[in-house]
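Novice: One structure follows; several queries about it will come next.
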Amino acid sequence: MKIAGLIAHTKGPSFKPIALLVVVAAIAVAAALSTAARADGEAAPIFGIKIPPGYRDWKLISVAHEEGNLNDLRAILGNDVAIKAYREGKLPFPDGAIIARLAWSYVSSEENNKVFGRQQSFVAGPPTNLQFMVKDSRKYASTGGWGFAQFNDGKPADEALLKTCFPCHEPIKARDFLFTHYSP
């Protein structure tokens, strides 16, 4: 039965509060399964990396704004292994560290700017992509111990794009190929 039908059945004298709880629980389970399905989706070519489940709950490493053609806002998140390495200043990062970069278009906030009386507020607009760096020194030995992945609308980027990742990171080998510094 569709959700609208379930809700329709909650009207009238026979409605019980437990029925509403059942409807809410069904919606929550459907949402959780939908999120899990995306995390278990297609792997990025070359490195075989999938979107890790629960990455949105990782800790913040830093934020960034990229101008030029990208013109985006970025949140850089890390799993517990990455956060520990960042906080301890440990280089190279240990195997198991995963760093996520979430990017959104950089847009002016008309709502906020009305309050401020001038254009000064910018916020995240539509998402542009999601990237991951996964540390596994054996599996990714040819790319400094890091595997790379990019997803656009939940779909992995093509092999040609992923071949450009490591060459871009090579100049920062001294920092274990990481652009982002930890912002405490």
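The way I read the labels, and the way they are meant: chains A, B, ... in the order of the structure tokens, residue 1 as the first residue of every chain, and ligand 1 as the first ligand shown, with later ones counted on from there.
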Would you mind listing what lies within 8 Å of Ala64 of chain A as a list in words, with only C-alpha atoms counted and same-chain residues fewer than 4 positions away left out?
Specialist: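 Those residues are Leu73, Arg74, Ala75 and Ile76 of chain A.
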Novice: So that I can see what lies close to Trp58 of chain A, please list as a list in words the residues with an atom at most 7 Å from it, counting only C-alpha atoms and leaving out residues fewer than 5 positions away in the same chain.
Specialist: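 The residues that qualify are Leu77, Gly78 and Asn79 of chain A.
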Novice: At a cut-off of 12 Å, using only C-alpha atoms, what residues contact Ala85 of chain A? Leave out same-chain residues fewer than 2 positions from it and give the result as a list in words.
Specialist: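 Listing them by chain and then by number gives Ile61, Gly78, Asn79, Asp80, Val81, Ala82, Ile83, Arg87, Glu88, Gly89, Lys90, Leu91, Pro92, Phe93, Pro94, Asp95, Gly96, Ala97, Ile98, Ile99, Lys135, Asp176, His181 and Tyr182 of chain A.
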Novice: Output C-alpha atoms for every residue in the selection just made, as an mmCIF file, in the first residue's frame.
Specialist:
data_model
loop_
_atom_site.group_PDB
_atom_site.id
_atom_site.type_symbol
_atom_site.label_atom_id
_atom_site.label_comp_id
_atom_site.auth_asym_id
_atom_site.auth_seq_id
_atom_site.Cartn_x
_atom_site.Cartn_y
_atom_site.Cartn_z
ATOM 1 C CA ILE A 61 38.617 18.644 8.614
ATOM 2 C CA GLY A 78 37.426 12.533 7.470
ATOM 3 C CA ASN A 79 36.705 9.165 8.992
ATOM 4 C CA ASP A 80 38.061 8.494 12.503
ATOM 5 C CA VAL A 81 41.415 7.211 11.183
ATOM 6 C CA ALA A 82 41.953 10.366 9.097
ATOM 7 C CA ILE A 83 40.892 12.710 11.911
ATOM 8 C CA ARG A 87 45.155 15.867 14.895
ATOM 9 C CA GLU A 88 48.425 14.078 15.659
ATOM 10 C CA GLY A 89 50.180 15.503 12.594
ATOM 11 C CA LYS A 90 51.009 11.952 11.512
ATOM 12 C CA LEU A 91 52.578 11.581 8.064
ATOM 13 C CA PRO A 92 52.204 9.485 6.087
ATOM 14 C CA PHE A 93 48.576 8.824 6.895
ATOM 15 C CA PRO A 94 47.847 5.273 8.072
ATOM 16 C CA ASP A 95 46.014 2.760 5.940
ATOM 17 C CA GLY A 96 42.276 3.015 6.456
ATOM 18 C CA ALA A 97 42.188 6.828 6.414
ATOM 19 C CA ILE A 98 39.429 8.141 4.155
ATOM 20 C CA ILE A 99 38.918 11.770 3.244
ATOM 21 C CA LYS A 135 44.607 5.260 1.989
ATOM 22 C CA ASP A 176 51.288 12.784 1.827
ATOM 23 C CA HIS A 181 45.326 21.250 6.286
ATOM 24 C CA TYR A 182 43.418 20.454 9.457
#
Novice: Could you check which of A:Thr143, A:Leu60, A:Tyr55, A:Thr164 is closest to Leu130 of chain A, using only C-alpha atoms?
Specialist: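 Checking each candidate against Leu130 of chain A, we get A:Tyr55 as the closest.
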Novice: With only C-alpha atoms as the atoms that count, which of A:Gln131, A:Ser105, A:Ser137, A:Asn113 lies nearest to Leu162 of chain A?
Specialist: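 Smallest separation from Leu162 of chain A among the options: A:Gln131.
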Novice: Looking at A:Phe47, A:Glu170, A:Gly41, A:Arg101, which one is nearest to Asp136 of chain A, with distances taken over only C-alpha atoms?
Specialist: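 Checking each of A:Phe47, A:Glu170, A:Gly41, A:Arg101 against Asp136 of chain A, counting only C-alpha atoms, the winner is A:Phe47.
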Novice: Find, counting only C-alpha atoms, the residue in A:His169, A:Arg56, A:Arg118, A:Lys50 that gets nearest to Trp146 of chain A.
Specialist: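 When distances to Trp146 of chain A are compared using only C-alpha atoms, the smallest one comes from A:His169.
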Novice: Write down as a PDB file with N, CA and C atoms, in the first residue's frame the residues belonging to segment 109-181 of chain A that are assigned alpha helix (DSSP H) by DSSP computed on the backbone.
Specialist:
ATOM      1  N   GLU A 110      20.176  35.568  -1.478  1.00  0.00           N
ATOM      2  CA  GLU A 110      19.312  36.747  -1.581  1.00  0.00           C
ATOM      3  C   GLU A 110      18.584  36.989  -0.257  1.00  0.00           C
ATOM      4  N   GLU A 111      18.137  35.918   0.379  1.00  0.00           N
ATOM      5  CA  GLU A 111      17.418  36.031   1.643  1.00  0.00           C
ATOM      6  C   GLU A 111      18.294  36.692   2.716  1.00  0.00           C
ATOM      7  N   ASN A 112      19.520  36.220   2.864  1.00  0.00           N
ATOM      8  CA  ASN A 112      20.425  36.802   3.859  1.00  0.00           C
ATOM      9  C   ASN A 112      20.812  38.226   3.479  1.00  0.00           C
ATOM     10  N   ASN A 113      21.063  38.459   2.191  1.00  0.00           N
ATOM     11  CA  ASN A 113      21.503  39.781   1.749  1.00  0.00           C
ATOM     12  C   ASN A 113      20.425  40.850   1.952  1.00  0.00           C
ATOM     13  N   LYS A 114      19.159  40.463   1.907  1.00  0.00           N
ATOM     14  CA  LYS A 114      18.081  41.416   2.205  1.00  0.00           C
ATOM     15  C   LYS A 114      18.212  41.909   3.642  1.00  0.00           C
ATOM     16  N   VAL A 115      18.556  41.020   4.545  1.00  0.00           N
ATOM     17  CA  VAL A 115      18.721  41.386   5.952  1.00  0.00           C
ATOM     18  C   VAL A 115      19.937  42.295   6.122  1.00  0.00           C
ATOM     19  N   PHE A 116      21.030  41.957   5.446  1.00  0.00           N
ATOM     20  CA  PHE A 116      22.262  42.731   5.585  1.00  0.00           C
ATOM     21  C   PHE A 116      22.232  44.047   4.806  1.00  0.00           C
ATOM     22  N   GLU A 159      36.867   6.892 -16.121  1.00  0.00           N
ATOM     23  CA  GLU A 159      38.271   6.551 -15.940  1.00  0.00           C
ATOM     24  C   GLU A 159      39.201   7.692 -16.352  1.00  0.00           C
ATOM     25  N   ALA A 160      38.882   8.375 -17.429  1.00  0.00           N
ATOM     26  CA  ALA A 160      39.729   9.469 -17.910  1.00  0.00           C
ATOM     27  C   ALA A 160      39.880  10.559 -16.842  1.00  0.00           C
ATOM     28  N   LEU A 161      38.797  10.914 -16.184  1.00  0.00           N
ATOM     29  CA  LEU A 161      38.872  11.933 -15.144  1.00  0.00           C
ATOM     30  C   LEU A 161      39.713  11.450 -13.967  1.00  0.00           C
ATOM     31  N   LEU A 162      39.513  10.203 -13.554  1.00  0.00           N
ATOM     32  CA  LEU A 162      40.245   9.682 -12.398  1.00  0.00           C
ATOM     33  C   LEU A 162      41.747   9.558 -12.661  1.00  0.00           C
ATOM     34  N   CYS A 165      43.717  12.562 -11.241  1.00  0.00           N
ATOM     35  CA  CYS A 165      43.772  12.827  -9.793  1.00  0.00           C
ATOM     36  C   CYS A 165      45.200  12.793  -9.245  1.00  0.00           C
ATOM     37  N   PHE A 166      45.879  11.668  -9.394  1.00  0.00           N
ATOM     38  CA  PHE A 166      47.201  11.553  -8.790  1.00  0.00           C
ATOM     39  C   PHE A 166      48.202  12.560  -9.355  1.00  0.00           C
ATOM     40  N   PRO A 167      48.257  12.778 -10.673  1.00  0.00           N
ATOM     41  CA  PRO A 167      49.197  13.796 -11.168  1.00  0.00           C
ATOM     42  C   PRO A 167      48.974  15.176 -10.537  1.00  0.00           C
ATOM     43  N   CYS A 168      47.750  15.524 -10.225  1.00  0.00           N
ATOM     44  CA  CYS A 168      47.455  16.801  -9.579  1.00  0.00           C
ATOM     45  C   CYS A 168      47.988  16.815  -8.144  1.00  0.00           C
ATOM     46  N   HIS A 169      47.942  15.674  -7.462  1.00  0.00           N
ATOM     47  CA  HIS A 169      48.375  15.584  -6.070  1.00  0.00           C
ATOM     48  C   HIS A 169      49.881  15.351  -5.918  1.00  0.00           C
TER      49      HIS A 169
END
